[in-house]
Each structure stands twice: as C-alpha cells, then as structure tokens.
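Peer 1: My structure is stored as model_17.cif, with mmCIF, C-alpha atoms.
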data_target
#
loop_
_atom_site.group_PDB
_atom_site.id
_atom_site.type_symbol
_atom_site.label_atom_id
_atom_site.label_comp_id
_atom_site.auth_asym_id
_atom_site.auth_seq_id
_atom_site.Cartn_x
_atom_site.Cartn_y
_atom_site.Cartn_z
ATOM 1 C CA MET A 261 -134.202 -186.210 15.172
ATOM 2 C CA GLY A 262 -135.560 -186.922 18.607
ATOM 3 C CA ALA A 263 -138.797 -188.613 19.448
ATOM 4 C CA GLY A 264 -141.873 -186.514 19.980
ATOM 5 C CA HIS A 265 -141.075 -183.999 17.225
ATOM 6 C CA ASP A 266 -143.317 -183.502 14.224
ATOM 7 C CA HIS A 267 -141.803 -183.788 10.730
ATOM 8 C CA GLY A 268 -142.708 -183.866 7.090
ATOM 9 C CA HIS A 269 -145.932 -181.920 7.084
ATOM 10 C CA THR A 270 -146.935 -180.775 3.618
ATOM 11 C CA HIS A 271 -148.822 -177.658 2.632
ATOM 12 C CA GLY A 272 -151.277 -178.329 -0.166
ATOM 13 C CA GLY A 273 -150.699 -182.061 -0.461
ATOM 14 C CA PRO A 274 -148.317 -183.936 -2.757
ATOM 15 C CA THR A 275 -147.536 -182.617 -6.189
ATOM 16 C CA THR A 276 -149.089 -184.594 -9.025
ATOM 17 C CA GLY A 277 -147.209 -183.011 -11.929
ATOM 18 C CA THR A 278 -144.657 -180.366 -12.861
ATOM 19 C CA ALA A 279 -145.534 -176.928 -14.210
ATOM 20 C CA ALA A 280 -144.565 -177.876 -17.752
ATOM 21 C CA ALA A 281 -146.760 -180.992 -17.900
ATOM 22 C CA ALA A 282 -149.848 -178.989 -18.877
ATOM 23 C CA HIS A 283 -148.089 -177.754 -22.017
ATOM 24 C CA GLN A 284 -146.953 -181.051 -23.582
ATOM 25 C CA GLY A 285 -149.445 -180.842 -26.454
ATOM 26 C CA ARG A 286 -148.354 -177.334 -27.399
ATOM 27 C CA LEU A 287 -144.704 -178.371 -27.266
ATOM 28 C CA ARG A 288 -145.416 -181.273 -29.626
ATOM 29 C CA ILE A 289 -147.102 -178.962 -32.150
ATOM 30 C CA ALA A 290 -144.213 -176.485 -31.890
ATOM 31 C CA LEU A 291 -141.745 -179.332 -32.462
ATOM 32 C CA SER A 292 -143.586 -180.475 -35.612
ATOM 33 C CA ILE A 293 -143.637 -176.916 -36.981
ATOM 34 C CA THR A 294 -139.946 -176.417 -36.181
ATOM 35 C CA ILE A 295 -138.827 -179.599 -37.944
ATOM 36 C CA THR A 296 -140.894 -178.767 -41.046
ATOM 37 C CA VAL A 297 -139.583 -175.215 -41.340
ATOM 38 C CA MET A 298 -136.017 -176.335 -40.647
ATOM 39 C CA VAL A 299 -136.078 -178.617 -43.694
ATOM 40 C CA VAL A 300 -137.672 -175.873 -45.834
ATOM 41 C CA GLU A 301 -135.077 -173.288 -44.755
ATOM 42 C CA ILE A 302 -132.122 -175.603 -45.384
ATOM 43 C CA VAL A 303 -133.357 -176.204 -48.926
ATOM 44 C CA GLY A 304 -134.014 -172.499 -49.407
ATOM 45 C CA GLY A 305 -130.638 -171.483 -47.968
ATOM 46 C CA LEU A 306 -128.799 -173.803 -50.318
ATOM 47 C CA MET A 307 -130.814 -172.637 -53.328
ATOM 48 C CA ALA A 308 -130.324 -168.938 -52.533
ATOM 49 C CA ASP A 309 -126.781 -169.299 -51.094
ATOM 50 C CA SER A 310 -127.933 -167.354 -48.026
ATOM 51 C CA LEU A 311 -125.820 -167.773 -44.904
ATOM 52 C CA ALA A 312 -128.456 -165.966 -42.839
ATOM 53 C CA LEU A 313 -131.118 -168.448 -43.967
ATOM 54 C CA ILE A 314 -128.864 -171.452 -43.344
ATOM 55 C CA ALA A 315 -127.880 -170.005 -39.956
ATOM 56 C CA ASP A 316 -131.556 -169.671 -39.055
ATOM 57 C CA ALA A 317 -132.203 -173.240 -40.231
ATOM 58 C CA THR A 318 -129.260 -174.500 -38.164
ATOM 59 C CA HIS A 319 -130.665 -172.745 -35.134
ATOM 60 C CA MET A 320 -134.027 -174.361 -35.834
ATOM 61 C CA ALA A 321 -132.295 -177.756 -35.834
ATOM 62 C CA THR A 322 -131.079 -177.103 -32.291
ATOM 63 C CA ASP A 323 -134.566 -175.836 -31.420
ATOM 64 C CA ALA A 324 -136.007 -179.148 -32.571
ATOM 65 C CA LEU A 325 -133.482 -180.962 -30.382
ATOM 66 C CA GLY A 326 -134.262 -178.612 -27.490
ATOM 67 C CA LEU A 327 -138.023 -179.089 -27.843
ATOM 68 C CA GLY A 328 -137.502 -182.847 -28.015
ATOM 69 C CA MET A 329 -135.431 -182.757 -24.823
ATOM 70 C CA ALA A 330 -138.067 -180.611 -23.138
ATOM 71 C CA LEU A 331 -140.768 -183.152 -23.969
ATOM 72 C CA LEU A 332 -138.593 -186.069 -22.841
ATOM 73 C CA ALA A 333 -137.796 -184.235 -19.605
ATOM 74 C CA ILE A 334 -141.516 -183.668 -18.916
ATOM 75 C CA HIS A 335 -142.122 -187.386 -19.416
ATOM 76 C CA PHE A 336 -139.457 -188.326 -16.865
ATOM 77 C CA ALA A 337 -140.256 -185.452 -14.486
ATOM 78 C CA ASN A 338 -143.830 -186.684 -14.052
ATOM 79 C CA ARG A 339 -142.896 -190.228 -13.137
ATOM 80 C CA PRO A 340 -143.888 -191.027 -9.536
ATOM 81 C CA PRO A 341 -141.356 -190.819 -6.688
ATOM 82 C CA THR A 342 -139.557 -193.962 -5.548
ATOM 83 C CA GLU A 343 -137.814 -195.008 -2.342
ATOM 84 C CA SER A 344 -134.439 -193.984 -3.791
ATOM 85 C CA ARG A 345 -135.698 -190.865 -5.629
ATOM 86 C CA THR A 346 -138.073 -189.273 -3.155
ATOM 87 C CA PHE A 347 -138.805 -186.280 -5.408
ATOM 88 C CA GLY A 348 -139.001 -188.486 -8.495
ATOM 89 C CA TYR A 349 -137.293 -187.130 -11.628
ATOM 90 C CA ALA A 350 -138.604 -183.581 -11.295
ATOM 91 C CA ARG A 351 -135.118 -182.116 -11.805
ATOM 92 C CA ALA A 352 -135.055 -183.601 -15.327
ATOM 93 C CA GLU A 353 -136.792 -180.457 -16.580
ATOM 94 C CA ILE A 354 -134.105 -178.217 -15.099
ATOM 95 C CA LEU A 355 -131.406 -180.368 -16.690
ATOM 96 C CA ALA A 356 -133.231 -180.010 -20.022
ATOM 97 C CA ALA A 357 -133.279 -176.226 -19.572
ATOM 98 C CA LEU A 358 -129.528 -176.313 -18.883
ATOM 99 C CA ALA A 359 -128.940 -178.417 -22.009
ATOM 100 C CA ASN A 360 -131.011 -175.927 -24.016
ATOM 101 C CA CYS A 361 -128.816 -173.096 -22.725
ATOM 102 C CA LEU A 362 -125.667 -174.895 -23.831
ATOM 103 C CA LEU A 363 -127.197 -175.575 -27.255
ATOM 104 C CA LEU A 364 -128.214 -171.947 -27.668
ATOM 105 C CA LEU A 365 -124.761 -170.668 -26.686
ATOM 106 C CA GLY A 366 -123.143 -173.113 -29.109
ATOM 107 C CA VAL A 367 -125.396 -172.056 -31.968
ATOM 108 C CA GLY A 368 -124.903 -168.369 -31.189
ATOM 109 C CA GLY A 369 -121.129 -168.798 -31.269
ATOM 110 C CA TYR A 370 -121.256 -170.787 -34.517
ATOM 111 C CA VAL A 371 -123.453 -168.218 -36.268
ATOM 112 C CA LEU A 372 -121.155 -165.360 -35.185
ATOM 113 C CA TYR A 373 -118.108 -167.260 -36.451
ATOM 114 C CA GLU A 374 -119.695 -168.031 -39.826
ATOM 115 C CA ALA A 375 -120.834 -164.419 -40.219
ATOM 116 C CA ILE A 376 -117.269 -163.184 -39.710
ATOM 117 C CA GLN A 377 -116.034 -165.738 -42.245
ATOM 118 C CA ARG A 378 -118.603 -164.464 -44.757
ATOM 119 C CA PHE A 379 -117.226 -160.927 -44.324
ATOM 120 C CA ILE A 380 -113.761 -162.271 -45.120
ATOM 121 C CA THR A 381 -114.970 -164.341 -48.085
ATOM 122 C CA PRO A 382 -118.096 -162.670 -49.547
ATOM 123 C CA ALA A 383 -120.724 -164.710 -51.390
ATOM 124 C CA GLU A 384 -123.590 -163.831 -53.725
ATOM 125 C CA THR A 385 -126.989 -164.253 -52.043
ATOM 126 C CA GLU A 386 -130.244 -164.559 -54.012
ATOM 127 C CA GLY A 387 -132.507 -162.027 -52.291
ATOM 128 C CA GLY A 388 -135.853 -163.081 -53.783
ATOM 129 C CA LEU A 389 -135.655 -166.724 -52.713
ATOM 130 C CA THR A 390 -134.345 -165.736 -49.302
ATOM 131 C CA ILE A 391 -137.392 -163.506 -48.712
ATOM 132 C CA VAL A 392 -139.797 -166.320 -49.577
ATOM 133 C CA PHE A 393 -138.196 -168.821 -47.228
ATOM 134 C CA GLY A 394 -137.650 -166.184 -44.543
ATOM 135 C CA VAL A 395 -141.376 -165.328 -44.523
ATOM 136 C CA ILE A 396 -142.275 -169.015 -44.231
ATOM 137 C CA GLY A 397 -139.960 -169.318 -41.216
ATOM 138 C CA LEU A 398 -141.314 -166.163 -39.576
ATOM 139 C CA VAL A 399 -144.971 -167.212 -39.879
ATOM 140 C CA ALA A 400 -144.226 -170.682 -38.499
ATOM 141 C CA ASN A 401 -142.234 -169.269 -35.597
ATOM 142 C CA MET A 402 -144.991 -166.823 -34.691
ATOM 143 C CA ILE A 403 -147.452 -169.725 -34.501
ATOM 144 C CA SER A 404 -145.079 -171.659 -32.211
ATOM 145 C CA LEU A 405 -144.527 -168.576 -30.033
ATOM 146 C CA SER A 406 -148.261 -168.143 -29.537
ATOM 147 C CA LEU A 407 -148.493 -171.792 -28.461
ATOM 148 C CA LEU A 408 -145.705 -171.481 -25.869
ATOM 149 C CA MET A 409 -146.444 -167.954 -24.607
ATOM 150 C CA ARG A 410 -148.391 -168.988 -21.499
ATOM 151 C CA GLY A 411 -146.239 -171.970 -20.553
ATOM 152 C CA GLN A 412 -142.984 -169.997 -20.533
ATOM 153 C CA LYS A 413 -144.229 -168.040 -17.511
ATOM 154 C CA ASP A 414 -144.678 -171.225 -15.478
ATOM 155 C CA SER A 415 -141.675 -173.386 -16.370
ATOM 156 C CA LEU A 416 -137.962 -172.845 -17.016
ATOM 157 C CA ASN A 417 -138.091 -175.879 -19.279
ATOM 158 C CA VAL A 418 -140.840 -174.367 -21.458
ATOM 159 C CA ARG A 419 -139.139 -170.958 -21.255
ATOM 160 C CA GLY A 420 -135.998 -172.473 -22.754
ATOM 161 C CA ALA A 421 -138.055 -173.761 -25.671
ATOM 162 C CA PHE A 422 -139.875 -170.414 -25.936
ATOM 163 C CA LEU A 423 -136.613 -168.447 -26.073
ATOM 164 C CA GLU A 424 -135.258 -170.710 -28.790
ATOM 165 C CA VAL A 425 -138.361 -170.168 -30.907
ATOM 166 C CA MET A 426 -138.267 -166.426 -30.190
ATOM 167 C CA ALA A 427 -134.660 -166.263 -31.364
ATOM 168 C CA ASP A 428 -135.775 -168.098 -34.507
ATOM 169 C CA ALA A 429 -138.571 -165.596 -35.116
ATOM 170 C CA LEU A 430 -136.198 -162.664 -34.701
ATOM 171 C CA GLY A 431 -133.699 -164.472 -36.899
ATOM 172 C CA SER A 432 -136.282 -164.960 -39.637
ATOM 173 C CA LEU A 433 -137.125 -161.264 -39.440
ATOM 174 C CA ALA A 434 -133.425 -160.391 -39.772
ATOM 175 C CA VAL A 435 -133.172 -162.719 -42.777
ATOM 176 C CA ILE A 436 -136.108 -160.982 -44.484
ATOM 177 C CA VAL A 437 -134.701 -157.492 -43.855
ATOM 178 C CA ALA A 438 -131.281 -158.550 -45.203
ATOM 179 C CA ALA A 439 -132.859 -160.142 -48.282
ATOM 180 C CA VAL A 440 -134.883 -156.991 -49.014
ATOM 181 C CA LEU A 441 -131.717 -154.879 -48.797
ATOM 182 C CA ILE A 442 -129.872 -157.242 -51.139
ATOM 183 C CA LEU A 443 -132.769 -157.256 -53.583
ATOM 184 C CA THR A 444 -133.229 -153.472 -53.614
ATOM 185 C CA THR A 445 -129.645 -152.221 -53.236
ATOM 186 C CA GLY A 446 -127.420 -155.173 -54.080
ATOM 187 C CA TRP A 447 -125.634 -154.755 -50.729
ATOM 188 C CA GLN A 448 -124.411 -158.332 -50.098
ATOM 189 C CA ALA A 449 -122.961 -157.457 -46.670
ATOM 190 C CA ALA A 450 -126.550 -157.371 -45.370
ATOM 191 C CA ASP A 451 -126.561 -161.194 -45.242
ATOM 192 C CA PRO A 452 -123.613 -161.674 -42.830
ATOM 193 C CA ILE A 453 -124.772 -158.621 -40.831
ATOM 194 C CA ALA A 454 -128.164 -160.309 -40.365
ATOM 195 C CA SER A 455 -126.304 -163.423 -39.209
ATOM 196 C CA LEU A 456 -124.411 -161.350 -36.650
ATOM 197 C CA VAL A 457 -127.707 -159.899 -35.409
ATOM 198 C CA ILE A 458 -129.145 -163.418 -35.035
ATOM 199 C CA GLY A 459 -126.128 -164.522 -32.991
ATOM 200 C CA LEU A 460 -126.178 -161.426 -30.786
ATOM 201 C CA MET A 461 -129.909 -161.864 -30.103
ATOM 202 C CA ILE A 462 -129.405 -165.447 -28.935
ATOM 203 C CA VAL A 463 -126.669 -164.895 -26.338
ATOM 204 C CA PRO A 464 -128.165 -162.380 -23.805
ATOM 205 C CA ARG A 465 -131.471 -164.248 -23.397
ATOM 206 C CA THR A 466 -129.595 -167.510 -23.042
ATOM 207 C CA VAL A 467 -127.327 -166.116 -20.331
ATOM 208 C CA LYS A 468 -130.399 -164.949 -18.374
ATOM 209 C CA LEU A 469 -132.030 -168.379 -18.630
ATOM 210 C CA LEU A 470 -128.726 -170.046 -17.694
ATOM 211 C CA ARG A 471 -128.505 -167.891 -14.558
ATOM 212 C CA GLU A 472 -132.031 -168.873 -13.489
ATOM 213 C CA THR A 473 -131.335 -172.544 -14.207
ATOM 214 C CA LEU A 474 -128.103 -172.541 -12.200
ATOM 215 C CA ASN A 475 -129.929 -170.854 -9.308
ATOM 216 C CA VAL A 476 -132.277 -173.845 -9.164
ATOM 217 C CA LEU A 477 -129.431 -176.374 -9.408
ATOM 218 C CA LEU A 478 -127.492 -174.515 -6.693
ATOM 219 C CA GLU A 479 -130.650 -174.588 -4.530
ATOM 220 C CA SER A 480 -130.955 -170.830 -4.166
ATOM 221 C CA ALA A 481 -134.069 -169.459 -2.493
ATOM 222 C CA PRO A 482 -137.072 -169.538 -4.881
ATOM 223 C CA LYS A 483 -137.600 -166.401 -6.910
ATOM 224 C CA GLY A 484 -139.916 -164.031 -5.068
ATOM 225 C CA VAL A 485 -139.424 -165.669 -1.654
ATOM 226 C CA ASP A 486 -137.710 -163.280 0.779
ATOM 227 C CA MET A 487 -136.102 -165.485 3.437
ATOM 228 C CA ALA A 488 -135.843 -162.631 5.949
ATOM 229 C CA GLU A 489 -139.585 -162.070 5.579
ATOM 230 C CA VAL A 490 -140.279 -165.799 5.954
ATOM 231 C CA ARG A 491 -138.235 -165.863 9.153
ATOM 232 C CA SER A 492 -140.082 -162.798 10.438
ATOM 233 C CA HIS A 493 -143.493 -164.384 9.757
ATOM 234 C CA ILE A 494 -142.537 -167.536 11.645
ATOM 235 C CA LEU A 495 -141.106 -165.631 14.607
ATOM 236 C CA ASN A 496 -144.254 -163.500 14.854
ATOM 237 C CA LEU A 497 -146.445 -166.545 15.537
ATOM 238 C CA PRO A 498 -147.526 -166.805 19.204
ATOM 239 C CA GLY A 499 -145.318 -169.205 21.150
ATOM 240 C CA VAL A 500 -142.458 -169.284 18.607
ATOM 241 C CA GLU A 501 -139.205 -168.298 20.291
ATOM 242 C CA ASP A 502 -136.677 -169.010 17.554
ATOM 243 C CA VAL A 503 -136.199 -170.575 14.121
ATOM 244 C CA HIS A 504 -133.028 -172.140 12.740
ATOM 245 C CA ASP A 505 -131.941 -174.406 9.879
ATOM 246 C CA LEU A 506 -134.345 -172.455 7.684
ATOM 247 C CA HIS A 507 -133.937 -173.524 4.056
ATOM 248 C CA ALA A 508 -135.930 -172.904 0.880
ATOM 249 C CA TRP A 509 -135.126 -174.140 -2.594
ATOM 250 C CA THR A 510 -136.767 -175.201 -5.857
ATOM 251 C CA ILE A 511 -136.972 -178.800 -7.037
ATOM 252 C CA THR A 512 -138.196 -177.739 -10.476
ATOM 253 C CA SER A 513 -140.332 -174.936 -11.891
ATOM 254 C CA GLY A 514 -143.557 -174.662 -9.897
ATOM 255 C CA MET A 515 -142.241 -176.811 -7.026
ATOM 256 C CA PRO A 516 -140.640 -174.613 -4.319
ATOM 257 C CA VAL A 517 -140.044 -176.298 -0.951
ATOM 258 C CA LEU A 518 -139.091 -175.147 2.548
ATOM 259 C CA SER A 519 -137.863 -176.726 5.768
ATOM 260 C CA ALA A 520 -137.216 -175.247 9.212
ATOM 261 C CA HIS A 521 -136.566 -176.124 12.836
ATOM 262 C CA VAL A 522 -138.943 -174.046 14.967
ATOM 263 C CA VAL A 523 -138.321 -173.537 18.685
ATOM 264 C CA VAL A 524 -141.649 -173.342 20.550
ATOM 265 C CA SER A 525 -142.193 -172.523 24.204
ATOM 266 C CA PRO A 526 -143.513 -175.376 26.410
ATOM 267 C CA GLU A 527 -146.481 -173.186 27.421
ATOM 268 C CA ALA A 528 -147.539 -172.756 23.769
ATOM 269 C CA LEU A 529 -147.206 -176.466 23.029
ATOM 270 C CA ASN A 530 -149.213 -177.383 26.107
ATOM 271 C CA ALA A 531 -151.879 -174.795 25.316
ATOM 272 C CA ILE A 532 -152.496 -175.541 21.620
ATOM 273 C CA GLY A 533 -150.635 -178.800 20.915
ATOM 274 C CA HIS A 534 -148.232 -179.868 18.179
ATOM 275 C CA GLU A 535 -150.842 -180.366 15.463
ATOM 276 C CA LYS A 536 -152.404 -176.922 15.783
ATOM 277 C CA MET A 537 -148.964 -175.289 15.898
ATOM 278 C CA LEU A 538 -148.058 -177.037 12.648
ATOM 279 C CA HIS A 539 -151.307 -175.851 11.077
ATOM 280 C CA GLU A 540 -150.489 -172.326 12.208
ATOM 281 C CA LEU A 541 -147.040 -172.511 10.610
ATOM 282 C CA GLN A 542 -148.340 -173.973 7.354
ATOM 283 C CA GLY A 543 -151.147 -171.437 7.162
ATOM 284 C CA CYS A 544 -148.742 -168.594 7.872
ATOM 285 C CA LEU A 545 -146.460 -169.539 4.964
ATOM 286 C CA GLY A 546 -149.207 -170.765 2.644
ATOM 287 C CA ASP A 547 -151.111 -167.483 2.871
ATOM 288 C CA HIS A 548 -148.110 -165.240 2.245
ATOM 289 C CA PHE A 549 -145.576 -167.212 0.186
ATOM 290 C CA ASP A 550 -145.697 -169.426 -2.878
ATOM 291 C CA VAL A 551 -144.262 -172.588 -1.293
ATOM 292 C CA GLU A 552 -145.426 -175.993 -2.512
ATOM 293 C CA HIS A 553 -144.106 -178.176 0.306
ATOM 294 C CA CYS A 554 -143.214 -177.219 3.921
ATOM 295 C CA THR A 555 -141.469 -179.429 6.462
ATOM 296 C CA PHE A 556 -141.231 -178.276 10.092
ATOM 297 C CA GLN A 557 -139.550 -179.720 13.131
ATOM 298 C CA LEU A 558 -140.985 -178.392 16.389
ATOM 299 C CA GLU A 559 -138.381 -178.207 19.119
ATOM 300 C CA PRO A 560 -138.361 -177.313 22.821
ATOM 301 C CA VAL A 561 -136.022 -174.608 24.053
ATOM 302 C CA GLY A 562 -132.422 -175.840 24.240
ATOM 303 C CA HIS A 563 -132.807 -178.680 21.742
ATOM 304 C CA ALA A 564 -130.595 -176.904 19.149
ATOM 305 C CA GLU A 565 -127.600 -177.268 21.481
ATOM 306 C CA HIS A 566 -128.340 -180.977 21.791
ATOM 307 C CA GLU A 567 -128.411 -181.295 17.965
ATOM 308 C CA ALA A 568 -125.070 -179.502 17.661
ATOM 309 C CA LYS A 569 -123.447 -181.999 20.055
ATOM 310 C CA LEU A 570 -124.862 -184.940 18.112
ATOM 311 C CA CYS A 571 -123.295 -183.637 14.899
ATOM 312 C CA HIS A 572 -119.736 -183.705 16.317
#
Using the file provided, produce a representation of the structure as structure tokens.
Peer 2:
Amino acid sequence: MGAGHDHGHTHGGPTTGTAAAAHQGRLRIALSITITVMVVEIVGGLMADSLALIADATHMATDALGLGMALLAIHFANRPPTESRTFGYARAEILAALANCLLLLGVGGYVLYEAIQRFITPAETEGGLTIVFGVIGLVANMISLSLLMRGQKDSLNVRGAFLEVMADALGSLAVIVAAVLILTTGWQAADPIASLVIGLMIVPRTVKLLRETLNVLLESAPKGVDMAEVRSHILNLPGVEDVHDLHAWTITSGMPVLSAHVVVSPEALNAIGHEKMLHELQGCLGDHFDVEHCTFQLEPVGHAEHEAKLCH
C-alpha cells in the first residue's frame, strides 16, 4: 500500500477475550455433571439391559469430550496474539465447534444403527430400573442446560456444548417414556424406538450448527451484517466517491471484522483530513453494525487502477 494512506484503525479497541470466555465456570460445572451421570447411566443401562439408556450414556460420553474440548479451546483462544498469529488462537473455538459437530453426527449414526440392530434381535429391558436412571439423567441435564442457556446465544463453541446437553435431555426423556411403556404394557419395541428418536433428534440440530461453523471457517459475512447495506452507508458519507475490496468475516464468535478501501475526493480530505474521515467511517459502521474491528484504507481517485497494475 502506498505512503500517505491510513490503515489498521480499530473500532472499539483490541479484543481482550472471546465470547465464550465468560462462561468457563459454567462449562466446568456442566462437564462435572455430565461425567457423573454418564457413569451412572452406563451402570444402569447394563443392569436394566436398556439400549436406550446405554445410548444416552454413550452420547453423554461424547458430550463430556465435547465440553472438555470447548474448555480447552477457550483456554487457547484467549492467549494473546503473537507476531506469527496476529489474531492469536481465537479460531480454536470454531475448530472445537466443528469437532463437536463431527462427534454428534457420529453418535447419532451409531445410535440409529444400534436401534435397528435391536429391532432385528430383540432384548428384554427392565423398565423400572431404566426409569430411575433416566430420571437421574434428565434432572442432571436440565441443570446443565440452565447453566449454558445464556452462553449459547453468544458463542458457537458454547452452543455446540449446549446442543449436546439438550440432545441428552431429550434422550433422557425418551428413555423414561420408553421405560414407562415397557413397564405398563410390556412393549419391548419402545426401547429401540426411543433410541431412534434420540438419534433423529441429534442430527438436525447438528447440521444447523455445522452450517454456521463452516460459514465462519469459509469467512462468510457475519450473521446479521448486510454487505449491501454496509456499502451503502459508506458511500453515503460526504466526500466518499467509491468503495472497493470490501470484506467482512468472523474470526470467532463475538469477533466480526471488516476491511475496505475507500475512495475519497481530494476536496473532502483537504477539508476534514484523514483522521476525521476515519472517525466518520468507524462511527458510521459502529453505530449501525455489530463489527468488532474495522480496517480502512483511504485512497485518492484513480488509486485502484494503480493497485491493479501492481498486482500483475
């Protein structure tokens, strides 16, 4: 970039932590609850010979792994930037969300497969024991859900953990319903049907989270930021004649960024100066769009053609 242009101006100052960082304590409590209930449900599933209960416990095992990854990702994501990693390790949280998606899809597929196998080879399930352990799992999951409810709105990483716990809660509910049917009617098919329900509940939510995660990794425009509207706001500022190389993307949840080359008339630059023009641009976007970090290059008319020649 040529001399005399202004670069790297930030709206709101540097980021001191990712959106998920504020929820580390709640994630730790949820992880402890998940591990405890997982062990209880495995024991209960073996005692009652309940596939639905074992399936729920298996899912809880992946939840524990997912919550652990989420916590580890937060730790790395909040390490300070370095010369070689100028945004630090903020993307670690998005990678954790992606890993959670893959875990959830794997568990969903496994549960569906085992449920079909149980239809082929029926087994006797002890309804009474299954109800007891299912209720324990449901209560624990509801506690974890309440802990993660607020954080899942701010962070894809926390949302991945939240969706895993939600699937567990729904799974525990399905286990209880199946156990009640077995206990009252003797209908053993209720157990593999509950397992199918658990698997089918996991997949759609996971696909939605996976889509959002891939959008971040593919550097799509941040959710809720209309690029045509951003361009219009910039062009409506006095003295702005054109804008090009306009890009917006998300580093991690709660950290959307934007960069643009803004063509300004010489009269406007002479009248108000570079610094005030930058303040105008930052104020324009900061007041109307949720963008954490803005970088602008102010250019005179005709400079874009010069840039194009330099790139050949």
Peer 1: Taking into account all atoms listed in the file, which residue in the set A:His504, A:Arg471, A:Arg410, A:His335 is nearest to A:Ala350?
Peer 2: A:His335
Peer 1: With the file shown as input, list the residues that the PyMOL selection byres ((chain A and resi 439-451) around 6) selects, as a PyMOL selection string.
Peer 2: chain A and resi 312+387+390-391+436-438+452-454
Peer 1: Using Å and a single decimal, report how far atom CA of A:Leu332 sits from atom CA of A:Tyr349.
Peer 2: 11.3 Å
Peer 1: How many Å separate atom CA of A:Ile458 from atom CA of A:Leu407?
Peer 2: 22.1 Å
Peer 1: Which distance in Å separates atom CA of A:Ile511 and atom CA of A:Glu540, to one decimal?
Peer 2: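 Spanning atom CA of A:Ile511 to atom CA of A:Glu540 is a straight-line distance of 24.4 Å.
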Peer 1: Expanded to explicit residues, what is the PyMOL selection byres ((chain A and resi 463) around 12) for this file, as a list in words?
Peer 2: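 Selected by the PyMOL selection byres ((chain A and resi 463) around 12) in this file: Cys361, Leu362, Leu363, Leu364, Leu365, Gly366, Val367, Gly368, Gly369, Tyr370, Val371, Leu372, Leu423, Glu424, Ala427, Leu456, Val457, Ile458, Gly459, Leu460, Met461, Ile462, Pro464, Arg465, Thr466, Val467, Lys468, Leu469 and Leu470 of chain A.
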Peer 1: Exactly which residues make up the result of the PyMOL selection byres ((chain A and resi 478-487) around 9) on this file, given as a list in words?
Peer 2: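 Checked against the file, the PyMOL selection byres ((chain A and resi 478-487) around 9) matches Glu472, Thr473, Leu474, Asn475, Val476, Leu477, Ala488, Glu489, Val490, Arg491, Ser492, Leu506, His507, Ala508, Trp509, Thr510, Ile511, Pro516, Val517, Phe549, Asp550 and Val551 of chain A.
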Peer 1: Show me as a ChimeraX atom specification the residues that reach within 9 Å of (-142.9, -174.6, -31.2), counting all atoms listed in the file and using the file's own coordinates.
Peer 2: /A:286-294,323-324,327,400-408,421-422,424-425
Peer 1: For A:Ile314, please output as a VMD selection string all residues within 10 Å (counting all atoms listed in the file; exclusion window: fewer than 5 positions along the same chain).
Peer 2: chain A and resid 298 301 to 306 308 to 309 319 to 320 371 390 435 455
Peer 1: When distances are computed from all atoms listed in the file, which of A:Thr342, A:Ser519, A:Gly285, A:Ser310 shows the smallest separation from A:Pro382?
Peer 2: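 Of all the options, A:Ser310 lies closest to A:Pro382.
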Peer 1: Which residue, A:Phe556, A:Met426, A:Gly328, A:Ala528, has the smallest gap to A:Gln284 when you use all atoms listed in the file?
Peer 2: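 Comparing A:Phe556, A:Met426, A:Gly328, A:Ala528 against A:Gln284, the winner is A:Gly328.
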Peer 1: With 3 Å added on each side, what axis-aligned box encloses every listed atom of stretch 415-423 of chain A? Give the centre and edge lengths in Å to one decimal, as JSON.
Peer 2:
{"center_x": -138.8, "center_y": -172.2, "center_z": -21.2, "size_x": 11.7, "size_y": 13.4, "size_z": 15.7}
Peer 1: Leaving out A:Leu398 and any residue of its chain fewer than 6 positions from it, which residues lie within 8 Å of it when counting only C-alpha atoms, given as an MDAnalysis selection string?
Peer 2: chainID A and resid 428:430 432:433
Peer 1: Restore N, CA and C atoms in stretch 283-297 of chain A and list the result as a CSV table (one decimal), in the frame of the given file.
Peer 2:
chain,number,residue,atom,x,y,z
A,283,HIS,N,-148.4,-178.3,-20.7
A,283,HIS,CA,-148.1,-177.8,-22.0
A,283,HIS,C,-147.4,-178.7,-23.0
A,284,GLN,N,-147.6,-180.0,-22.7
A,284,GLN,CA,-147.0,-181.1,-23.6
A,284,GLN,C,-147.5,-181.0,-25.0
A,285,GLY,N,-148.8,-180.9,-25.1
A,285,GLY,CA,-149.4,-180.8,-26.5
A,285,GLY,C,-148.9,-179.7,-27.3
A,286,ARG,N,-148.8,-178.5,-26.7
A,286,ARG,CA,-148.4,-177.3,-27.4
A,286,ARG,C,-146.9,-177.5,-27.8
A,287,LEU,N,-146.1,-178.1,-26.9
A,287,LEU,CA,-144.7,-178.4,-27.3
A,287,LEU,C,-144.6,-179.3,-28.5
A,288,ARG,N,-145.4,-180.3,-28.5
A,288,ARG,CA,-145.4,-181.3,-29.6
A,288,ARG,C,-145.7,-180.6,-31.0
A,289,ILE,N,-146.7,-179.7,-30.9
A,289,ILE,CA,-147.1,-179.0,-32.2
A,289,ILE,C,-145.9,-178.1,-32.6
A,290,ALA,N,-145.3,-177.4,-31.6
A,290,ALA,CA,-144.2,-176.5,-31.9
A,290,ALA,C,-143.0,-177.3,-32.5
A,291,LEU,N,-142.8,-178.5,-31.9
A,291,LEU,CA,-141.7,-179.3,-32.5
A,291,LEU,C,-142.0,-179.7,-33.9
A,292,SER,N,-143.2,-180.1,-34.2
A,292,SER,CA,-143.6,-180.5,-35.6
A,292,SER,C,-143.4,-179.3,-36.6
A,293,ILE,N,-143.8,-178.1,-36.1
A,293,ILE,CA,-143.6,-176.9,-37.0
A,293,ILE,C,-142.2,-176.6,-37.2
A,294,THR,N,-141.4,-176.7,-36.1
A,294,THR,CA,-139.9,-176.4,-36.2
A,294,THR,C,-139.2,-177.3,-37.1
A,295,ILE,N,-139.5,-178.6,-37.1
A,295,ILE,CA,-138.8,-179.6,-37.9
A,295,ILE,C,-139.2,-179.3,-39.4
A,296,THR,N,-140.5,-179.0,-39.7
A,296,THR,CA,-140.9,-178.8,-41.0
A,296,THR,C,-140.2,-177.5,-41.6
A,297,VAL,N,-140.2,-176.5,-40.9
A,297,VAL,CA,-139.6,-175.2,-41.3
A,297,VAL,C,-138.1,-175.3,-41.4
